[in-house]
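Novice: What follows is model37.txt, made up of compact mmCIF, C-alpha atoms (C1' of nucleotides):
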# COMPACT_ATOMS: atom_id res chain seq x y z
CA MET A 1 0.00 0.00 0.00
CA LYS A 2 2.28 2.72 -1.23
CA SER A 3 -0.21 5.48 -0.71
CA ARG A 4 0.65 8.77 -2.37
CA LEU A 5 -0.42 11.72 -0.29
CA THR A 6 -0.92 15.34 -1.18
CA ILE A 7 0.31 17.82 1.36
CA GLY A 8 -3.16 18.27 2.76
CA LYS A 9 -3.73 14.56 3.28
CA LEU A 10 -0.32 14.16 4.84
CA ALA A 11 -0.90 17.06 7.21
CA GLU A 12 -4.23 15.64 8.29
CA ALA A 13 -2.84 12.14 8.74
CA ALA A 14 0.05 13.45 10.80
CA GLY A 15 -2.07 15.82 12.86
CA VAL A 16 -0.32 19.02 11.83
CA GLY A 17 -1.10 21.94 9.55
CA VAL A 18 -0.19 22.17 5.87
CA GLU A 19 2.01 25.15 6.64
CA THR A 20 3.88 23.11 9.22
CA VAL A 21 4.73 20.52 6.59
CA ARG A 22 6.06 23.23 4.31
CA PHE A 23 7.98 24.69 7.22
CA TYR A 24 9.58 21.32 8.07
CA GLN A 25 10.54 20.88 4.45
CA ARG A 26 12.15 24.31 4.32
CA SER A 27 13.97 23.46 7.55
CA GLY A 28 15.33 20.24 6.10
CA LEU A 29 13.44 17.97 8.50
CA LEU A 30 11.47 16.45 5.67
CA PRO A 31 13.11 15.48 2.38
CA GLU A 32 12.14 17.20 -0.82
CA PRO A 33 9.17 15.20 -2.07
CA GLU A 34 8.57 14.19 -5.66
CA ARG A 35 6.37 16.50 -7.63
CA PRO A 36 5.17 14.69 -10.69
CA LEU A 37 1.79 16.21 -11.39
CA SER A 38 1.81 19.90 -11.94
CA GLY A 39 4.28 20.57 -9.16
CA TYR A 40 2.10 19.28 -6.33
CA ARG A 41 4.14 17.57 -3.62
CA GLU A 42 3.68 13.81 -3.33
CA TYR A 43 4.31 12.27 0.05
CA THR A 44 4.44 8.72 1.36
CA ASP A 45 3.67 7.06 4.66
CA ALA A 46 7.33 7.35 5.62
CA ASP A 47 6.88 11.12 5.70
CA ARG A 48 3.88 10.75 7.98
CA ARG A 49 5.88 8.60 10.39
CA ARG A 50 8.71 11.09 10.27
CA ILE A 51 6.40 13.91 11.31
CA HIS A 52 5.04 11.79 14.14
CA PHE A 53 8.56 11.22 15.32
CA ILE A 54 9.33 14.93 15.21
CA LYS A 55 6.27 15.76 17.25
CA ARG A 56 7.00 13.07 19.79
CA ALA A 57 10.60 14.12 20.17
CA GLN A 58 9.48 17.71 20.72
CA THR A 59 7.38 16.75 23.71
CA LEU A 60 10.52 15.18 25.15
CA GLY A 61 12.42 18.44 25.12
CA PHE A 62 14.34 18.14 21.86
CA ASN A 63 14.37 21.18 19.65
CA LEU A 64 14.25 20.95 15.89
CA GLU A 65 18.02 21.09 15.60
CA ASP A 66 18.39 18.16 18.01
CA ILE A 67 15.76 16.29 16.06
CA ALA A 68 17.55 16.92 12.79
CA GLY A 69 20.56 15.31 14.48
CA LEU A 70 18.55 12.28 15.46
CA LEU A 71 17.08 11.96 12.00
CA LYS A 72 20.51 12.21 10.43
CA LEU A 73 21.26 8.89 12.11
CA ASP A 74 19.21 7.34 9.33
CA GLY A 75 21.40 8.81 6.62
CA PRO A 76 24.18 7.26 4.59
CA GLN A 77 27.09 8.06 6.92
CA THR A 78 29.89 5.72 7.67
CA CYS A 79 29.11 3.49 10.58
CA SER A 80 31.63 5.18 12.85
CA VAL A 81 30.05 8.59 12.46
CA THR A 82 26.63 7.15 13.10
CA HIS A 83 27.93 5.25 16.07
CA ASP A 84 29.40 8.31 17.73
CA LEU A 85 26.39 10.45 17.10
CA ALA A 86 24.10 7.75 18.46
CA LEU A 87 26.22 7.39 21.58
CA GLU A 88 26.06 11.11 22.19
CA LYS A 89 22.29 11.19 21.78
CA LEU A 90 22.03 8.11 23.98
CA HIS A 91 23.81 9.98 26.74
CA VAL A 92 21.38 12.89 26.53
CA VAL A 93 18.38 10.59 26.49
CA LYS A 94 19.61 8.68 29.52
CA GLU A 95 20.07 11.90 31.45
CA LYS A 96 16.56 12.98 30.61
CA ILE A 97 15.23 9.64 31.77
CA ASP A 98 17.07 9.89 35.08
CA ALA A 99 15.76 13.37 35.72
CA LEU A 100 12.21 12.32 34.87
CA VAL A 101 12.45 9.26 37.09
CA ALA A 102 13.46 11.52 39.98
CA ILE A 103 10.46 13.71 39.32
CA ARG A 104 8.20 10.69 38.96
CA ASP A 105 9.35 9.31 42.30
CA ALA A 106 8.84 12.63 44.01
CA LEU A 107 5.34 12.89 42.57
CA GLN A 108 4.52 9.34 43.61
CA GLN A 109 5.70 9.99 47.11
CA MET A 110 3.58 13.08 47.20
CA VAL A 111 0.49 11.28 46.03
CA ARG A 112 0.99 8.62 48.68
CA GLN A 113 1.52 11.23 51.36
CA CYS A 114 -1.67 12.96 50.43
CA GLU A 115 -3.55 9.69 50.43
CA ARG A 116 -2.31 8.92 53.93
CA LYS A 117 -3.58 12.34 54.99
CA HIS A 118 -0.16 13.05 56.35
CA ARG A 119 -0.30 16.59 55.22
CA ARG A 120 1.65 19.32 56.81
CA GLY A 121 1.61 22.96 55.82
CA THR A 122 2.83 22.41 52.31
CA CYS A 123 3.62 19.31 50.33
CA PRO A 124 7.37 19.08 49.89
CA ILE A 125 7.46 18.74 46.16
CA ILE A 126 10.08 21.33 45.35
CA GLN A 127 12.26 20.27 48.22
CA SER A 128 12.22 16.66 47.12
CA LEU A 129 12.79 17.60 43.50
CA VAL A 130 15.42 20.11 44.20
CA GLN A 131 17.46 17.94 46.45
CA GLU A 132 18.02 15.54 43.61
CA GLU A 133 20.10 18.23 42.07
CA ALA A 134 23.38 16.97 43.49
CA LYS A 135 22.84 13.60 41.84
CA ILE A 136 21.79 14.83 38.43
CA MET B 1 23.84 30.29 56.10
CA LYS B 2 20.86 32.31 55.07
CA SER B 3 22.68 34.11 52.32
CA ARG B 4 20.94 37.13 50.92
CA LEU B 5 21.51 37.54 47.23
CA THR B 6 21.13 40.49 44.95
CA ILE B 7 19.61 39.77 41.58
CA GLY B 8 23.02 39.69 39.95
CA LYS B 9 24.45 37.19 42.41
CA LEU B 10 21.37 35.02 42.12
CA ALA B 11 21.50 35.06 38.34
CA GLU B 12 25.15 34.09 38.36
CA ALA B 13 24.63 31.33 40.92
CA ALA B 14 21.72 29.93 38.95
CA GLY B 15 23.43 30.22 35.59
CA VAL B 16 20.92 32.57 33.98
CA GLY B 17 20.81 36.24 33.11
CA VAL B 18 19.52 39.01 35.33
CA GLU B 19 16.79 39.72 32.83
CA THR B 20 15.68 36.13 33.01
CA VAL B 21 15.17 36.43 36.75
CA ARG B 22 13.06 39.52 36.26
CA PHE B 23 11.14 37.72 33.54
CA TYR B 24 10.44 34.73 35.79
CA GLN B 25 9.26 37.04 38.51
CA ARG B 26 6.92 38.85 36.16
CA SER B 27 5.63 35.45 34.98
CA GLY B 28 4.91 34.34 38.53
CA LEU B 29 7.48 31.54 38.52
CA LEU B 30 9.47 33.24 41.24
CA PRO B 31 7.79 34.83 44.25
CA GLU B 32 8.06 38.54 44.85
CA PRO B 33 11.27 38.92 46.83
CA GLU B 34 11.74 41.22 49.77
CA ARG B 35 13.16 44.64 48.99
CA PRO B 36 14.45 46.13 52.16
CA LEU B 37 17.26 48.32 51.02
CA SER B 38 16.30 50.98 48.58
CA GLY B 39 14.12 48.68 46.52
CA TYR B 40 16.81 46.20 45.52
CA ARG B 41 15.48 42.64 45.39
CA GLU B 42 16.79 40.26 48.04
CA TYR B 43 16.83 36.58 47.16
CA THR B 44 17.63 33.41 49.06
CA ASP B 45 19.06 30.04 48.15
CA ALA B 46 15.52 28.70 47.75
CA ASP B 47 15.14 31.00 44.76
CA ARG B 48 18.33 29.66 43.25
CA ARG B 49 17.07 26.08 43.61
CA ARG B 50 13.77 27.08 42.12
CA ILE B 51 15.48 28.46 39.03
CA HIS B 52 17.53 25.29 38.71
CA PHE B 53 14.35 23.29 38.82
CA ILE B 54 12.76 25.45 36.15
CA LYS B 55 15.76 25.02 33.86
CA ARG B 56 15.87 21.30 34.41
CA ALA B 57 12.16 20.88 33.78
CA GLN B 58 12.49 22.84 30.56
CA THR B 59 14.99 20.39 29.14
CA LEU B 60 12.44 17.66 29.84
CA GLY B 61 9.86 19.22 27.59
CA PHE B 62 7.79 21.15 30.10
CA ASN B 63 6.86 24.68 29.14
CA LEU B 64 6.69 27.47 31.69
CA GLU B 65 2.98 26.98 32.21
CA ASP B 66 3.51 23.27 32.99
CA ILE B 67 6.31 24.23 35.33
CA ALA B 68 4.13 26.74 37.13
CA GLY B 69 1.71 23.86 37.67
CA LEU B 70 4.44 21.68 39.13
CA LEU B 71 5.63 24.48 41.37
CA LYS B 72 2.12 25.08 42.60
CA LEU B 73 2.33 21.64 44.21
CA ASP B 74 4.50 23.30 46.81
CA GLY B 75 1.82 25.79 47.68
CA PRO B 76 -0.76 25.83 50.47
CA GLN B 77 -3.63 24.00 48.75
CA THR B 78 -5.86 21.50 50.39
CA CYS B 79 -4.47 18.03 50.13
CA SER B 80 -7.12 16.84 47.70
CA VAL B 81 -6.24 19.50 45.16
CA THR B 82 -2.58 18.72 45.51
CA HIS B 83 -3.27 15.03 45.17
CA ASP B 84 -5.19 15.40 41.93
CA LEU B 85 -2.68 17.77 40.40
CA ALA B 86 0.19 15.50 41.34
CA LEU B 87 -1.58 12.49 39.84
CA GLU B 88 -2.11 14.37 36.60
CA LYS B 89 1.52 15.44 36.40
CA LEU B 90 2.58 11.92 37.29
CA HIS B 91 0.71 10.61 34.28
CA VAL B 92 2.45 13.03 31.95
CA VAL B 93 5.85 12.24 33.41
CA LYS B 94 5.31 8.51 33.04
CA GLU B 95 4.41 8.94 29.39
CA LYS B 96 7.53 10.95 28.77
CA ILE B 97 9.62 8.28 30.43
CA ASP B 98 8.07 5.54 28.28
CA ALA B 99 8.74 7.47 25.10
CA LEU B 100 12.32 8.20 26.10
CA VAL B 101 12.91 4.58 27.02
CA ALA B 102 11.77 3.57 23.55
CA ILE B 103 14.19 6.04 22.02
CA ARG B 104 16.96 4.93 24.36
CA ASP B 105 16.45 1.29 23.39
CA ALA B 106 16.47 2.13 19.70
CA LEU B 107 19.68 4.09 20.11
CA GLN B 108 21.27 1.29 22.09
CA GLN B 109 20.37 -1.24 19.46
CA MET B 110 21.84 1.03 16.86
CA VAL B 111 25.07 1.47 18.73
CA ARG B 112 25.39 -2.30 19.13
CA GLN B 113 24.68 -2.85 15.45
CA CYS B 114 27.35 -0.41 14.47
CA GLU B 115 29.78 -2.04 16.84
CA ARG B 116 29.11 -5.45 15.34
CA LYS B 117 29.75 -3.93 11.90
CA HIS B 118 26.43 -5.27 10.81
CA ARG B 119 25.79 -2.24 8.74
CA ARG B 120 23.58 -2.30 5.79
CA GLY B 121 22.76 0.71 3.64
CA THR B 122 21.40 2.84 6.45
CA CYS B 123 21.11 2.33 10.17
CA PRO B 124 17.47 1.73 11.01
CA ILE B 125 17.06 4.47 13.58
CA ILE B 126 13.95 6.08 12.21
CA GLN B 127 12.32 2.78 11.50
CA SER B 128 12.90 1.50 15.00
CA LEU B 129 11.79 4.73 16.57
CA VAL B 130 8.84 5.17 14.37
CA GLN B 131 7.51 1.71 14.80
CA GLU B 132 7.09 2.29 18.52
CA GLU B 133 4.29 4.54 17.59
CA ALA B 134 1.57 1.96 18.09
CA LYS B 135 2.68 1.37 21.66
CA ILE B 136 3.04 4.97 22.67
C1' DC C 1 32.85 61.75 48.35
C1' DT C 2 33.75 60.39 43.96
C1' DT C 3 33.86 56.67 40.63
C1' DG C 4 32.52 52.44 38.85
C1' DA C 5 29.57 48.64 39.29
C1' DC C 6 25.10 47.31 40.32
C1' DT C 7 20.00 47.83 40.26
C1' DC C 8 15.59 49.91 39.04
C1' DC C 9 11.74 50.07 35.41
C1' DG C 10 9.36 50.03 31.08
C1' DT C 11 9.77 48.93 26.61
C1' DA C 12 11.74 47.21 22.51
C1' DC C 13 13.94 43.64 20.31
C1' DC C 14 15.35 38.73 19.28
C1' DT C 15 15.09 33.52 18.07
C1' DA C 16 12.51 29.32 17.54
C1' DT C 17 8.55 27.41 15.87
C1' DG C 18 5.01 27.73 13.67
C1' DT C 19 0.39 30.18 11.25
C1' DA C 20 -1.98 33.04 8.21
C1' DC C 21 -2.60 35.65 3.82
C1' DG C 22 -3.46 36.29 -0.96
C1' DG C 23 -3.56 35.73 -5.66
C1' DA C 24 -2.65 32.38 -9.34
C1' DG C 25 -2.78 27.87 -11.16
C1' DA C 26 -4.30 22.63 -10.79
C1' DT C 27 -7.61 19.13 -9.55
C1' DT C 28 -11.96 17.08 -8.33
C1' DA C 29 -16.84 16.75 -7.84
C1' DC C 30 -20.82 17.47 -9.94
C1' DG D 1 -17.19 22.71 -18.14
C1' DT D 2 -17.73 25.15 -14.23
C1' DA D 3 -17.60 25.68 -9.17
C1' DA D 4 -15.47 24.30 -5.16
C1' DT D 5 -11.43 22.79 -3.30
C1' DC D 6 -6.66 22.13 -3.19
C1' DT D 7 -1.92 23.57 -3.96
C1' DC D 8 1.70 26.77 -5.23
C1' DC D 9 4.92 30.54 -3.45
C1' DG D 10 6.75 34.34 -0.87
C1' DT D 11 6.04 37.01 2.81
C1' DA D 12 3.97 38.64 6.93
C1' DC D 13 2.26 37.79 11.47
C1' DA D 14 1.94 35.26 15.98
C1' DT D 15 3.46 33.15 20.42
C1' DA D 16 6.81 31.55 23.89
C1' DG D 17 10.73 32.50 26.13
C1' DG D 18 13.85 35.24 26.78
C1' DT D 19 17.56 39.44 25.92
C1' DA D 20 18.97 44.17 25.35
C1' DC D 21 18.56 49.25 26.03
C1' DG D 22 18.67 53.57 28.39
C1' DG D 23 18.44 56.81 31.78
C1' DA D 24 18.19 57.36 36.72
C1' DG D 25 18.97 55.90 41.45
C1' DT D 26 22.07 53.11 44.91
C1' DC D 27 25.99 50.81 46.79
C1' DA D 28 30.80 49.97 47.97
C1' DA D 29 35.93 50.60 47.27
C1' DG D 30 39.47 53.70 47.44
Translate this structure into structure tokens?
Specialist:
Amino acid sequence: MKSRLTIGKLAEAAGVGVETVRFYQRSGLLPEPERPLSGYREYTDADRRRIHFIKRAQTLGFNLEDIAGLLKLDGPQTCSVTHDLALEKLHVVKEKIDALVAIRDALQQMVRQCERKHRRGTCPIIQSLVQEEAKI
Amino acid sequence: MKSRLTIGKLAEAAGVGVETVRFYQRSGLLPEPERPLSGYREYTDADRRRIHFIKRAQTLGFNLEDIAGLLKLDGPQTCSVTHDLALEKLHVVKEKIDALVAIRDALQQMVRQCERKHRRGTCPIIQSLVQEEAKI
DNA sequence: CTTGACTCCGTACCTATGTACGGAGATTAC
DNA sequence: GTAATCTCCGTACATAGGTACGGAGTCAAG
């Protein structure tokens, strides 16, 4: 099912606006699509998945430049370049995970505290988050 | 050691600019500081930690509005409000962790593949990331 | 007690990431 | 085949999150 999509269909399928697709193309995040009929862009499902990936990565705190770096990992580099870049990104991702796990644990503790009605003046969310700082 | 900080010292200690501190104050992310001497703001170490938390949360994909919500957990609400807000944030944080773990695993697989010199035309980073989509 | 660094405030400006506009041409639905 | 819809392009505008400016007041070292 090699569905050919116009820009409008792609945008709808990916949950973004047409202008966003054009913007990503201009920014180099999407490859130049074929334009057989009259100059209209023709996209494939791979482009839709790529946009999904971009949007997901954004919610994880990567900016478009970071994301371009991640997407470059799919390119035709030598394996050593890819390897090093992947390792670097891996490091960043692991750090993000650690920081989020600390926040998750603090939130969980807070929820439990509230459920045990052990409330004092204020719930110690910032304190518990902030004291992770030395570790992170 | 209840160190009193001027805005410049605070900014330096927190690794941001003076204007950023003023901006956070205007945005309600930092409380109004005391201003005993001649109107100069006087900050404490709690403010420095708060800024660190804001910066850390930003790299995890929270925007300033999200962060204000997290910081509100430290406030003097009733426990039930705090509980519900914390649960909601907990959900978001867990989702972020899951997505990052998927990316981490894909990157790890990629690094291993490169190390085994099992390279084909392109490393399958996008494919492996993108195919998580159903799960996430 | 002067000089240089710091702070005040409001406002203007900047970058990243989109969003919208508008007029001309292509396509599709009737 | 014509009307509605879609796409083209360049450019302008919008929003979040800062960052810089400028002129006046304050503080601290010599």
Novice: Using all atoms listed in the file, what does the table of chain D residues within 8 Å of chain B look like, with each row giving the shortest atom pair and its distance in Å to one decimal, sorted by chain and ascending number, as JSON lines?
Specialist:
{"residue": "D:DG18", "atom": "C1'", "partner": "B:Thr20", "partner_atom": "CA", "distance": 6.6}
{"residue": "D:DT19", "atom": "C1'", "partner": "B:Glu19", "partner_atom": "CA", "distance": 7.0}
{"residue": "D:DT26", "atom": "C1'", "partner": "B:Ser38", "partner_atom": "CA", "distance": 7.2}
Novice: Please superimpose chain B upon chain A, fitting all C-alpha atoms matched one to one in order, and report the result as an mmCIF file with C-alpha atoms, keeping the file's coordinate frame.
Specialist:
data_model
loop_
_atom_site.group_PDB
_atom_site.id
_atom_site.type_symbol
_atom_site.label_atom_id
_atom_site.label_comp_id
_atom_site.auth_asym_id
_atom_site.auth_seq_id
_atom_site.Cartn_x
_atom_site.Cartn_y
_atom_site.Cartn_z
ATOM 1 C CA MET B 1 -0.251 0.094 0.014
ATOM 2 C CA LYS B 2 2.105 2.746 -1.182
ATOM 3 C CA SER B 3 -0.341 5.549 -0.659
ATOM 4 C CA ARG B 4 0.559 8.820 -2.272
ATOM 5 C CA LEU B 5 -0.481 11.780 -0.207
ATOM 6 C CA THR B 6 -0.983 15.390 -1.080
ATOM 7 C CA ILE B 7 0.280 17.877 1.451
ATOM 8 C CA GLY B 8 -3.192 18.343 2.871
ATOM 9 C CA LYS B 9 -3.786 14.638 3.385
ATOM 10 C CA LEU B 10 -0.368 14.223 4.941
ATOM 11 C CA ALA B 11 -0.912 17.125 7.304
ATOM 12 C CA GLU B 12 -4.251 15.735 8.394
ATOM 13 C CA ALA B 13 -2.885 12.219 8.856
ATOM 14 C CA ALA B 14 0.024 13.522 10.893
ATOM 15 C CA GLY B 15 -2.063 15.909 12.953
ATOM 16 C CA VAL B 16 -0.296 19.104 11.914
ATOM 17 C CA GLY B 17 -1.059 22.005 9.624
ATOM 18 C CA VAL B 18 -0.150 22.244 5.966
ATOM 19 C CA GLU B 19 2.081 25.185 6.730
ATOM 20 C CA THR B 20 3.937 23.127 9.274
ATOM 21 C CA VAL B 21 4.775 20.543 6.636
ATOM 22 C CA ARG B 22 6.118 23.236 4.360
ATOM 23 C CA PHE B 23 8.069 24.660 7.274
ATOM 24 C CA TYR B 24 9.624 21.283 8.092
ATOM 25 C CA GLN B 25 10.578 20.837 4.483
ATOM 26 C CA ARG B 26 12.214 24.240 4.343
ATOM 27 C CA SER B 27 14.057 23.381 7.580
ATOM 28 C CA GLY B 28 15.376 20.140 6.128
ATOM 29 C CA LEU B 29 13.470 17.906 8.541
ATOM 30 C CA LEU B 30 11.473 16.407 5.711
ATOM 31 C CA PRO B 31 13.095 15.413 2.426
ATOM 32 C CA GLU B 32 12.114 17.126 -0.784
ATOM 33 C CA PRO B 33 9.131 15.136 -2.013
ATOM 34 C CA GLU B 34 8.507 14.158 -5.592
ATOM 35 C CA ARG B 35 6.321 16.508 -7.597
ATOM 36 C CA PRO B 36 5.097 14.687 -10.617
ATOM 37 C CA LEU B 37 1.781 16.273 -11.313
ATOM 38 C CA SER B 38 1.887 19.957 -11.917
ATOM 39 C CA GLY B 39 4.267 20.629 -9.059
ATOM 40 C CA TYR B 40 2.069 19.323 -6.257
ATOM 41 C CA ARG B 41 4.099 17.569 -3.562
ATOM 42 C CA GLU B 42 3.617 13.816 -3.272
ATOM 43 C CA TYR B 43 4.260 12.270 0.122
ATOM 44 C CA THR B 44 4.359 8.729 1.444
ATOM 45 C CA ASP B 45 3.582 7.091 4.752
ATOM 46 C CA ALA B 46 7.261 7.359 5.693
ATOM 47 C CA ASP B 47 6.820 11.124 5.769
ATOM 48 C CA ARG B 48 3.840 10.788 8.062
ATOM 49 C CA ARG B 49 5.859 8.630 10.471
ATOM 50 C CA ARG B 50 8.692 11.092 10.319
ATOM 51 C CA ILE B 51 6.404 13.928 11.369
ATOM 52 C CA HIS B 52 5.048 11.822 14.212
ATOM 53 C CA PHE B 53 8.571 11.224 15.374
ATOM 54 C CA ILE B 54 9.370 14.920 15.239
ATOM 55 C CA LYS B 55 6.298 15.772 17.305
ATOM 56 C CA ARG B 56 7.037 13.087 19.834
ATOM 57 C CA ALA B 57 10.661 14.123 20.195
ATOM 58 C CA GLN B 58 9.577 17.706 20.746
ATOM 59 C CA THR B 59 7.512 16.782 23.771
ATOM 60 C CA LEU B 60 10.641 15.154 25.185
ATOM 61 C CA GLY B 61 12.574 18.382 25.151
ATOM 62 C CA PHE B 62 14.450 18.062 21.881
ATOM 63 C CA ASN B 63 14.503 21.125 19.677
ATOM 64 C CA LEU B 64 14.356 20.880 15.904
ATOM 65 C CA GLU B 65 18.119 20.989 15.593
ATOM 66 C CA ASP B 66 18.473 18.043 18.011
ATOM 67 C CA ILE B 67 15.804 16.214 16.069
ATOM 68 C CA ALA B 68 17.587 16.813 12.789
ATOM 69 C CA GLY B 69 20.605 15.190 14.433
ATOM 70 C CA LEU B 70 18.571 12.164 15.457
ATOM 71 C CA LEU B 71 17.067 11.869 12.004
ATOM 72 C CA LYS B 72 20.483 12.045 10.426
ATOM 73 C CA LEU B 73 21.181 8.692 12.081
ATOM 74 C CA ASP B 74 19.004 7.221 9.375
ATOM 75 C CA GLY B 75 21.176 8.631 6.648
ATOM 76 C CA PRO B 76 23.977 7.069 4.609
ATOM 77 C CA GLN B 77 26.964 7.913 6.824
ATOM 78 C CA THR B 78 29.837 5.631 7.499
ATOM 79 C CA CYS B 79 29.191 3.442 10.471
ATOM 80 C CA SER B 80 31.753 5.168 12.662
ATOM 81 C CA VAL B 81 30.061 8.531 12.299
ATOM 82 C CA THR B 82 26.708 6.999 13.035
ATOM 83 C CA HIS B 83 28.121 5.190 16.025
ATOM 84 C CA ASP B 84 29.556 8.320 17.595
ATOM 85 C CA LEU B 85 26.451 10.378 16.977
ATOM 86 C CA ALA B 86 24.245 7.668 18.412
ATOM 87 C CA LEU B 87 26.437 7.394 21.504
ATOM 88 C CA GLU B 88 26.204 11.130 22.046
ATOM 89 C CA LYS B 89 22.430 11.141 21.701
ATOM 90 C CA LEU B 90 22.240 8.110 23.954
ATOM 91 C CA HIS B 91 24.007 10.041 26.679
ATOM 92 C CA VAL B 92 21.553 12.911 26.452
ATOM 93 C CA VAL B 93 18.575 10.577 26.471
ATOM 94 C CA LYS B 94 19.847 8.734 29.525
ATOM 95 C CA GLU B 95 20.235 11.994 31.406
ATOM 96 C CA LYS B 96 16.712 13.004 30.552
ATOM 97 C CA ILE B 97 15.426 9.668 31.765
ATOM 98 C CA ASP B 98 17.277 10.009 35.080
ATOM 99 C CA ALA B 99 15.874 13.469 35.663
ATOM 100 C CA LEU B 100 12.350 12.364 34.818
ATOM 101 C CA VAL B 101 12.642 9.351 37.084
ATOM 102 C CA ALA B 102 13.586 11.658 39.938
ATOM 103 C CA ILE B 103 10.547 13.796 39.235
ATOM 104 C CA ARG B 104 8.345 10.729 38.884
ATOM 105 C CA ASP B 105 9.504 9.395 42.250
ATOM 106 C CA ALA B 106 8.907 12.733 43.930
ATOM 107 C CA LEU B 107 5.419 12.902 42.474
ATOM 108 C CA GLN B 108 4.681 9.350 43.537
ATOM 109 C CA GLN B 109 5.804 10.045 47.056
ATOM 110 C CA MET B 110 3.615 13.091 47.089
ATOM 111 C CA VAL B 111 0.587 11.218 45.885
ATOM 112 C CA ARG B 112 1.116 8.573 48.568
ATOM 113 C CA GLN B 113 1.522 11.226 51.242
ATOM 114 C CA CYS B 114 -1.693 12.868 50.239
ATOM 115 C CA GLU B 115 -3.452 9.539 50.237
ATOM 116 C CA ARG B 116 -2.244 8.786 53.744
ATOM 117 C CA LYS B 117 -3.560 12.206 54.804
ATOM 118 C CA HIS B 118 -0.170 12.958 56.200
ATOM 119 C CA ARG B 119 -0.413 16.511 55.109
ATOM 120 C CA ARG B 120 1.427 19.222 56.799
ATOM 121 C CA GLY B 121 1.354 22.863 55.756
ATOM 122 C CA THR B 122 2.530 22.279 52.212
ATOM 123 C CA CYS B 123 3.323 19.175 50.232
ATOM 124 C CA PRO B 124 7.077 18.957 49.812
ATOM 125 C CA ILE B 125 7.175 18.718 46.042
ATOM 126 C CA ILE B 126 9.708 21.414 45.363
ATOM 127 C CA GLN B 127 11.911 20.328 48.194
ATOM 128 C CA SER B 128 11.998 16.741 47.031
ATOM 129 C CA LEU B 129 12.564 17.718 43.445
ATOM 130 C CA VAL B 130 15.098 20.313 44.206
ATOM 131 C CA GLN B 131 17.168 18.189 46.471
ATOM 132 C CA GLU B 132 17.857 15.769 43.640
ATOM 133 C CA GLU B 133 20.000 18.445 42.220
ATOM 134 C CA ALA B 134 23.242 17.097 43.629
ATOM 135 C CA LYS B 135 22.676 13.757 41.941
ATOM 136 C CA ILE B 136 21.675 15.069 38.566
#
Novice: Residues of chain C within 12 Å of chain B, counting all atoms listed in the file - could you list those as number ranges by chain?
Specialist: C: 5-9
Novice: Quick one: write out the picked residues with C-alpha atoms (C1' of nucleotides) as a PDB file, keeping the file's coordinate frame?
Specialist:
ATOM      1  C1'  DA C   5      29.570  48.640  39.290  1.00  0.00           C
ATOM      2  C1'  DC C   6      25.100  47.310  40.320  1.00  0.00           C
ATOM      3  C1'  DT C   7      20.000  47.830  40.260  1.00  0.00           C
ATOM      4  C1'  DC C   8      15.590  49.910  39.040  1.00  0.00           C
ATOM      5  C1'  DC C   9      11.740  50.070  35.410  1.00  0.00           C
TER       6       DC C   9
END
Novice: Could you state the separation of CA of Arg50 in chain A and CA of Leu30 in chain A in Å, given to one decimal place?
Specialist: 7.6 Å
Novice: What's around DA12 in chain C at 12 Å? Count only C-alpha atoms (C1' of nucleotides), leave out sequence neighbours fewer than 6 positions away in its own chain, and write the answer as a list in words.
Specialist: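 In the requested form, the answer reads DT19, DA20, DC21 and DG22 of chain D.
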Novice: Write the residues of the selection above to a file with C-alpha atoms (C1' of nucleotides), as a compact mmCIF listing (two decimals), keeping the file's coordinate frame.
Specialist:
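So selection36.txt came out as:
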# COMPACT_ATOMS: atom_id res chain seq x y z
C1' DT D 19 17.56 39.44 25.92
C1' DA D 20 18.97 44.17 25.35
C1' DC D 21 18.56 49.25 26.03
C1' DG D 22 18.67 53.57 28.39
Novice: Take CA of Glu115 in chain B and CA of Val81 in chain A and report the distance between them in Å, one decimal.
Specialist: 11.5 Å
Novice: Return as AutoDock Vina command-line options the box centre and box size in Å, one decimal, for an axis-aligned box around all listed atoms of range 3-19 of chain C padded by 8 Å per side.
Specialist:
--center_x 17.1 --center_y 42.0 --center_z 25.9 --size_x 49.5 --size_y 45.3 --size_z 45.4
